[in-house]
Structures are given as C-alpha cells and as structure tokens.
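Visitor: The file below is coords35.pdb, PDB, C-alpha atoms, pLDDT in the B column:
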ATOM      1  CA  HIS U   1      30.929 -23.291  19.358  1.00 56.00           C
ATOM      2  CA  GLU U   2      31.723 -26.918  19.986  1.00 68.00           C
ATOM      3  CA  ASP U   3      29.022 -27.256  22.648  1.00 74.00           C
ATOM      4  CA  GLY U   4      26.342 -25.645  20.439  1.00 75.00           C
ATOM      5  CA  THR U   5      26.176 -22.366  22.349  1.00 80.00           C
ATOM      6  CA  LEU U   6      27.323 -18.928  21.287  1.00 76.00           C
ATOM      7  CA  GLN U   7      29.092 -16.496  23.551  1.00 78.00           C
ATOM      8  CA  LYS U   8      28.634 -13.444  21.345  1.00 81.00           C
ATOM      9  CA  PRO U   9      25.843 -11.634  19.505  1.00 78.00           C
ATOM     10  CA  VAL U  10      24.941 -13.029  16.108  1.00 77.00           C
ATOM     11  CA  PHE U  11      23.328 -11.144  13.232  1.00 81.00           C
ATOM     12  CA  LEU U  12      21.045 -13.162  10.970  1.00 79.00           C
ATOM     13  CA  HIS U  13      20.078 -11.898   7.544  1.00 81.00           C
ATOM     14  CA  VAL U  14      17.198 -14.042   6.354  1.00 79.00           C
ATOM     15  CA  LYS U  15      16.195 -13.746   2.727  1.00 79.00           C
ATOM     16  CA  THR U  16      12.577 -14.753   2.217  1.00 75.00           C
ATOM     17  CA  GLN U  17      10.432 -15.216  -0.842  1.00 74.00           C
ATOM     18  CA  LYS U  18       6.896 -13.845  -0.628  1.00 70.00           C
ATOM     19  CA  GLY U  19       4.290 -16.562  -1.067  1.00 73.00           C
ATOM     20  CA  LYS U  20       6.805 -19.418  -1.182  1.00 78.00           C
ATOM     21  CA  GLY U  21       4.882 -22.559  -2.067  1.00 79.00           C
ATOM     22  CA  TYR U  22       1.639 -20.804  -3.025  1.00 78.00           C
ATOM     23  CA  LEU U  23       1.872 -19.845  -6.704  1.00 80.00           C
ATOM     24  CA  PRO U  24      -0.900 -17.164  -6.702  1.00 79.00           C
ATOM     25  CA  ALA U  25       0.926 -15.314  -3.897  1.00 76.00           C
ATOM     26  CA  GLN U  26       4.306 -15.700  -5.598  1.00 78.00           C
ATOM     27  CA  ASN U  27       2.893 -14.192  -8.801  1.00 82.00           C
ATOM     28  CA  ALA U  28       0.949 -11.335  -7.130  1.00 77.00           C
ATOM     29  CA  ARG U  29       3.441  -8.599  -6.320  1.00 69.00           C
ATOM     30  CA  ASP U  30       1.090  -6.497  -4.192  1.00 69.00           C
ATOM     31  CA  LYS U  31      -1.572  -8.973  -3.064  1.00 71.00           C
ATOM     32  CA  LEU U  32      -1.957 -11.909  -0.682  1.00 66.00           C
ATOM     33  CA  HIS U  33      -0.003 -10.359   2.203  1.00 61.00           C
ATOM     34  CA  ALA U  34      -2.788 -11.000   4.717  1.00 59.00           C
ATOM     35  CA  VAL U  35      -2.245 -13.002   7.873  1.00 55.00           C
ATOM     36  CA  ALA U  36      -5.354 -15.063   7.154  1.00 59.00           C
ATOM     37  CA  PRO U  37      -5.845 -15.036   3.369  1.00 58.00           C
ATOM     38  CA  LYS U  38      -9.217 -16.180   2.096  1.00 62.00           C
ATOM     39  CA  PHE U  39      -8.203 -19.106  -0.081  1.00 62.00           C
ATOM     40  CA  ASN U  40      -9.128 -22.761   0.276  1.00 66.00           C
ATOM     41  CA  VAL U  41     -11.419 -21.911   3.177  1.00 61.00           C
ATOM     42  CA  PRO U  42     -14.247 -24.435   3.610  1.00 68.00           C
ATOM     43  CA  LYS U  43     -17.646 -22.775   3.767  1.00 73.00           C
ATOM     44  CA  PRO U  44     -20.073 -23.957   6.425  1.00 74.00           C
ATOM     45  CA  THR U  45     -23.411 -25.234   5.214  1.00 79.00           C
ATOM     46  CA  LEU U  46     -26.303 -23.514   6.919  1.00 77.00           C
ATOM     47  CA  PRO U  47     -29.951 -24.436   6.733  1.00 79.00           C
ATOM     48  CA  PRO U  48     -31.882 -22.151   4.384  1.00 80.00           C
ATOM     49  CA  GLY U  49     -33.598 -19.309   6.159  1.00 81.00           C
ATOM     50  CA  PRO U  50     -36.088 -16.712   5.027  1.00 85.00           C
ATOM     51  CA  PRO U  51     -34.985 -14.803   1.923  1.00 83.00           C
ATOM     52  CA  LYS U  52     -32.975 -11.740   2.752  1.00 85.00           C
ATOM     53  CA  GLU U  53     -33.372  -8.402   1.106  1.00 88.00           C
ATOM     54  CA  PRO U  54     -30.321  -7.762  -1.083  1.00 88.00           C
ATOM     55  CA  LYS U  55     -27.935  -5.157   0.256  1.00 88.00           C
ATOM     56  CA  PRO U  56     -27.136  -2.242  -2.023  1.00 90.00           C
ATOM     57  CA  VAL U  57     -23.857  -2.760  -3.809  1.00 91.00           C
ATOM     58  CA  ARG U  58     -21.403  -0.076  -2.808  1.00 92.00           C
ATOM     59  CA  PRO U  59     -18.068   0.421  -4.502  1.00 93.00           C
ATOM     60  CA  PRO U  60     -15.019  -0.238  -2.329  1.00 91.00           C
ATOM     61  CA  LEU U  61     -13.474   2.841  -0.738  1.00 92.00           C
ATOM     62  CA  THR U  62     -10.218   2.135  -2.586  1.00 94.00           C
ATOM     63  CA  LYS U  63     -12.006   2.422  -5.934  1.00 95.00           C
ATOM     64  CA  VAL U  64     -13.860   5.580  -4.883  1.00 96.00           C
ATOM     65  CA  PHE U  65     -10.555   7.162  -3.802  1.00 96.00           C
ATOM     66  CA  ALA U  66      -8.711   6.127  -6.972  1.00 97.00           C
ATOM     67  CA  GLU U  67     -11.421   7.254  -9.381  1.00 97.00           C
ATOM     68  CA  SER U  68     -11.787  10.573  -7.534  1.00 97.00           C
ATOM     69  CA  LEU U  69      -8.035  11.111  -7.674  1.00 98.00           C
ATOM     70  CA  VAL U  70      -8.016  10.356 -11.416  1.00 98.00           C
ATOM     71  CA  ARG U  71     -10.831  12.880 -12.016  1.00 98.00           C
ATOM     72  CA  GLU U  72      -8.939  15.570 -10.112  1.00 98.00           C
ATOM     73  CA  ALA U  73      -5.662  14.745 -11.877  1.00 98.00           C
ATOM     74  CA  GLU U  74      -7.321  15.022 -15.298  1.00 98.00           C
ATOM     75  CA  VAL U  75      -7.847  18.726 -14.656  1.00 98.00           C
ATOM     76  CA  ASP U  76      -4.719  19.396 -12.581  1.00 98.00           C
ATOM     77  CA  GLU U  77      -1.447  18.201 -14.084  1.00 98.00           C
ATOM     78  CA  LYS U  78       0.419  18.934 -10.842  1.00 98.00           C
ATOM     79  CA  ILE U  79      -1.243  15.995  -9.079  1.00 98.00           C
ATOM     80  CA  VAL U  80       0.994  12.945  -8.644  1.00 98.00           C
ATOM     81  CA  ALA U  81       0.491   9.698  -6.731  1.00 98.00           C
ATOM     82  CA  ILE U  82       2.869   7.808  -4.451  1.00 98.00           C
ATOM     83  CA  THR U  83       2.563   4.327  -2.992  1.00 97.00           C
ATOM     84  CA  ALA U  84       4.840   2.125  -0.914  1.00 95.00           C
ATOM     85  CA  ALA U  85       4.611  -1.270  -2.667  1.00 92.00           C
ATOM     86  CA  MET U  86       0.805  -1.419  -2.459  1.00 93.00           C
ATOM     87  CA  PRO U  87      -0.520  -0.004  -5.763  1.00 94.00           C
ATOM     88  CA  GLY U  88      -3.463  -2.410  -5.957  1.00 92.00           C
ATOM     89  CA  GLY U  89      -4.499  -2.174  -2.335  1.00 91.00           C
ATOM     90  CA  THR U  90      -4.402   1.637  -2.277  1.00 94.00           C
ATOM     91  CA  GLY U  91      -5.926   2.226  -5.714  1.00 95.00           C
ATOM     92  CA  ILE U  92      -2.795   3.857  -7.092  1.00 97.00           C
ATOM     93  CA  SER U  93      -2.718   1.191  -9.812  1.00 96.00           C
ATOM     94  CA  ILE U  94      -5.896   2.767 -11.255  1.00 97.00           C
ATOM     95  CA  PHE U  95      -4.155   6.142 -11.272  1.00 98.00           C
ATOM     96  CA  GLU U  96      -1.074   4.627 -12.901  1.00 98.00           C
ATOM     97  CA  LYS U  97      -3.129   3.026 -15.686  1.00 97.00           C
ATOM     98  CA  ARG U  98      -4.437   6.466 -16.570  1.00 98.00           C
ATOM     99  CA  PHE U  99      -1.287   8.585 -16.138  1.00 98.00           C
ATOM    100  CA  GLY U 100       1.630   6.163 -16.332  1.00 97.00           C
ATOM    101  CA  PRO U 101       4.962   6.301 -14.535  1.00 96.00           C
ATOM    102  CA  GLN U 102       5.500  10.014 -15.214  1.00 97.00           C
ATOM    103  CA  ARG U 103       2.986  10.850 -12.477  1.00 98.00           C
ATOM    104  CA  THR U 104       2.968   7.647 -10.409  1.00 98.00           C
ATOM    105  CA  PHE U 105       5.709   6.573  -8.014  1.00 98.00           C
ATOM    106  CA  ASP U 106       6.078   3.264  -6.201  1.00 96.00           C
ATOM    107  CA  VAL U 107       8.938   3.573  -3.721  1.00 96.00           C
ATOM    108  CA  GLY U 108       8.784  -0.056  -2.584  1.00 92.00           C
ATOM    109  CA  ILE U 109       8.569  -1.012   1.059  1.00 91.00           C
ATOM    110  CA  ALA U 110       9.857   2.367   2.215  1.00 95.00           C
ATOM    111  CA  GLU U 111       7.003   4.296   3.788  1.00 96.00           C
ATOM    112  CA  GLN U 112       9.404   6.780   5.380  1.00 97.00           C
ATOM    113  CA  HIS U 113      10.814   7.612   1.975  1.00 97.00           C
ATOM    114  CA  ALA U 114       7.325   7.863   0.455  1.00 97.00           C
ATOM    115  CA  VAL U 115       6.370  10.569   2.972  1.00 98.00           C
ATOM    116  CA  THR U 116       9.617  12.528   2.650  1.00 98.00           C
ATOM    117  CA  PHE U 117       9.510  12.173  -1.146  1.00 98.00           C
ATOM    118  CA  ALA U 118       5.962  13.559  -1.125  1.00 98.00           C
ATOM    119  CA  ALA U 119       7.140  16.467   1.018  1.00 98.00           C
ATOM    120  CA  GLY U 120       9.918  17.240  -1.460  1.00 98.00           C
ATOM    121  CA  LEU U 121       7.529  17.122  -4.401  1.00 98.00           C
ATOM    122  CA  ALA U 122       5.111  19.432  -2.561  1.00 98.00           C
ATOM    123  CA  ALA U 123       7.912  21.849  -1.727  1.00 98.00           C
ATOM    124  CA  GLY U 124       8.696  21.872  -5.448  1.00 98.00           C
ATOM    125  CA  GLY U 125       5.147  22.860  -6.382  1.00 98.00           C
ATOM    126  CA  LEU U 126       3.512  19.504  -7.146  1.00 98.00           C
ATOM    127  CA  LYS U 127       0.436  18.111  -5.405  1.00 98.00           C
ATOM    128  CA  PRO U 128       1.404  14.638  -4.174  1.00 98.00           C
ATOM    129  CA  PHE U 129      -1.133  12.127  -2.903  1.00 98.00           C
ATOM    130  CA  CYS U 130       0.696   9.605  -0.759  1.00 97.00           C
ATOM    131  CA  ALA U 131      -1.437   6.483  -0.292  1.00 97.00           C
ATOM    132  CA  ILE U 132      -0.218   4.230   2.531  1.00 95.00           C
ATOM    133  CA  TYR U 133      -2.087   1.689   4.652  1.00 91.00           C
ATOM    134  CA  SER U 134      -2.471   3.069   8.174  1.00 88.00           C
ATOM    135  CA  THR U 135      -0.717  -0.004   9.606  1.00 88.00           C
ATOM    136  CA  PHE U 136       2.392   0.790   7.590  1.00 92.00           C
ATOM    137  CA  LEU U 137       2.242   4.567   8.000  1.00 93.00           C
ATOM    138  CA  GLN U 138       3.633   4.102  11.514  1.00 92.00           C
ATOM    139  CA  ARG U 139       6.996   3.578   9.803  1.00 92.00           C
ATOM    140  CA  GLY U 140       6.800   7.091   8.363  1.00 94.00           C
ATOM    141  CA  TYR U 141       5.194   8.913  11.275  1.00 94.00           C
ATOM    142  CA  ASP U 142       8.255  10.989  12.165  1.00 96.00           C
ATOM    143  CA  GLN U 143       8.573  12.067   8.534  1.00 97.00           C
ATOM    144  CA  LEU U 144       4.879  12.942   8.467  1.00 96.00           C
ATOM    145  CA  VAL U 145       5.319  15.209  11.475  1.00 95.00           C
ATOM    146  CA  HIS U 146       8.705  16.753  10.659  1.00 96.00           C
ATOM    147  CA  ASP U 147       8.786  16.794   6.852  1.00 97.00           C
ATOM    148  CA  VAL U 148       5.129  17.467   6.098  1.00 96.00           C
ATOM    149  CA  ALA U 149       3.122  18.850   9.032  1.00 96.00           C
ATOM    150  CA  LEU U 150       5.695  21.192  10.579  1.00 96.00           C
ATOM    151  CA  GLN U 151       6.575  22.506   7.109  1.00 96.00           C
ATOM    152  CA  LYS U 152       2.852  22.971   6.367  1.00 96.00           C
ATOM    153  CA  LEU U 153       3.235  21.190   3.025  1.00 97.00           C
ATOM    154  CA  PRO U 154       0.143  20.145   1.039  1.00 96.00           C
ATOM    155  CA  VAL U 155       0.648  16.371   0.963  1.00 96.00           C
TER     156      VAL U 155
END
Written as structure tokens, how would this file's structure read?

Guide:
Amino acid sequence: HEDGTLQKPVFLHVKTQKGKGYLPAQNARDKLHAVAPKFNVPKPTLPPGPPKEPKPVRPPLTKVFAESLVREAEVDEKIVAITAAMPGGTGISIFEKRFGPQRTFDVGIAEQHAVTFAAGLAAGGLKPFCAIYSTFLQRGYDQLVHDVALQKLPV
C-alpha cells in the first residue's frame, strides 16, 4: 500500500444520508428522490400569448388508485396494502390514514420481500395490494413470477 495501489479486491460500505444538505429532502422520508427535483428552478419569462383555454383538472392516478382501494377495503376487511418505502408516491399513505398499521405494511427498500410477503398473505386468504413503482419492481421480478404468478395467487 505504500505506493498508493492495491493488489487485492476491496469492499467499500458507504453509508449515505438521504438529502444531505437539503433540509426538505432530509425531512421527507418518501419524497425528493428524483434525479432532477423541481426546486429552485428558475422559470423562463415568455412573452404573453393569446389566452389559453383552461385544461380540465384531473386527479393524479396515485390519488385515484388510493381512493379506489380505500373504497374497496371499506367493504372487504381482507384487503391489505403493501409498499416498499414509497407510501406517499404510491398512495398507500392514504390507505394507511384510513386503516392504520393493522392493514398497511411498509417493508422498506425491499421490493423482493414486498412481493413474497404479498404472496404469503394471499396464500393465507388475504387480498394484498402491493404498490411498487415499475422502476423498482425489477428488483422483485423473480418473486413476482415464482411466488405469485406460478402459484396463481391473487396479489
């Protein structure tokens, strides 16, 4: 090591802190993960054009999903919700506000576990809704195939 080179593999374990240096990100457990967050972005000034017809306001898909899931769960006590560290982004936080931790599970950043956990709950007679961003579902794809699809479980 005297010459500054290593002659063997080295394992680095780097402990990071989400949002380090940006207080809103540090305080928001499940938000501000984006590559290009929309904060402190200067807005270009454009010359005024002809007035535009206002677009109809549509609720976000996340809210539509969450409110629909809540309505179904109000009449079916077997419905439970699972998220992998993204309760706000998936709408599961809305479900949790209504039903609490007895029917809401956040497994952390463990999408594989979320899928297998959902399969186990389904095999036990519950009706799990596992809400995972498609980008992160790739981590649990094998579990989706082997633990859910091949078993024909209603997840």

Visitor: Counting all atoms listed in the file, what is within 12 Å of range 120-135 of chain U, bar same-chain residues fewer than 6 positions away, as a ChimeraX atom specification?

Guide: /U:62,65-66,68-70,72-73,76-93,95,103-114,141,143-144,147-149,151-155

Visitor: Tell me, in Å to one decimal, how far CA of Val115 in chain U is from CA of Gly140 in chain U.

Guide: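 Answer for the CA of Val115 in chain U to CA of Gly140 in chain U separation: 6.4 Å.
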
Visitor: One decimal, in Å: what's the spacing between CA of Gln138 in chain U and CA of Lys31 in chain U?

Guide: 20.3 Å

Visitor: To one decimal place in Å, what is the distance between CA of Asp142 in chain U and CA of Leu61 in chain U?

Guide: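 The value is 26.6 Å.
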